[in-house]
Amino acid sequence: MPSFKIDLSTAAVFVATAPEPKMVNKKTGERAVDRETGAGLSTVGLLVSDEGEGNLYQVTVPETGVSDDLVPGTPVSVIGLKARDWENEFNGQKRHGISFRAVAVTPGA
């Protein structure tokens, strides 16, 4: 599926929830990995405020693009943010949404 670049040049972005490992299977503890690089993936909650509107996004980032000092409230720069729509079927129920992926999330705006 195609992905779309998201322009954050006029937005203020803050960490809402600290990075956590993204899991493929929580029961087995299997961590999600980047298909191209093999790097472990993490998820970080970001509050994006722009033009009087604030939104919370759960963004997937390779562990190589996440620093240890990302704590809630930290202003950050987001490198290479893209959105992609998805759809799947689980137990007979169709689900769909938008996933967000970035190359890196770094402290400082």
# chains A, B, ... in the order shown; residues from 1 in each chain; ligands from 1

call {"tool": "residues_around", "arguments": {"residues": "stretch 47-57 of chain A", "least_positions_apart": "2", "cutoff": "8 Å", "atoms": "only C-alpha atoms", "output": "PyMOL selection string"}}
result
chain A and resi 10-16+45+59+100

call {"tool": "residues_around", "arguments": {"residues": "stretch 79-94 of chain A", "least_positions_apart": "2", "cutoff": "9 Å", "atoms": "only C-alpha atoms", "output": "JSON, numbers by chain"}}
result
{"A": [1, 2, 3, 4, 5, 6, 7, 8, 59, 65, 77, 96, 97, 98, 99, 100, 101, 102, 103, 104, 105, 106]}

call {"tool": "select_by_dssp", "arguments": {"residues": "chain A", "states": "strand (DSSP E)", "output": "ChimeraX atom specification"}}
result
/A:4-5,12-21,23-25,30-31,41-50,53-62,76-79,82-90,93-101,104-107

call {"tool": "atom_distance", "arguments": {"atom1": "atom CA of A:Lys22", "atom2": "atom CA of A:Gly108"}}
result
23.6 Å

call {"tool": "closest_residue", "arguments": {"among": "A:Pro75, A:Glu63, A:Asp68, A:Val44", "to": "A:Thr17", "atoms": "only C-alpha atoms"}}
result
A:Val44

call {"tool": "closest_residue", "arguments": {"among": "A:Thr60, A:Gly40, A:Pro107, A:Val24", "to": "A:Gly73", "atoms": "only C-alpha atoms"}}
result
A:Pro107

call {"tool": "atom_distance", "arguments": {"atom1": "atom CA of A:Gly29", "atom2": "atom CA of A:Gln58"}}
result
19.9 Å

call {"tool": "atom_distance", "arguments": {"atom1": "atom CA of A:Leu70", "atom2": "atom CA of A:Lys27"}}
result
26.5 Å
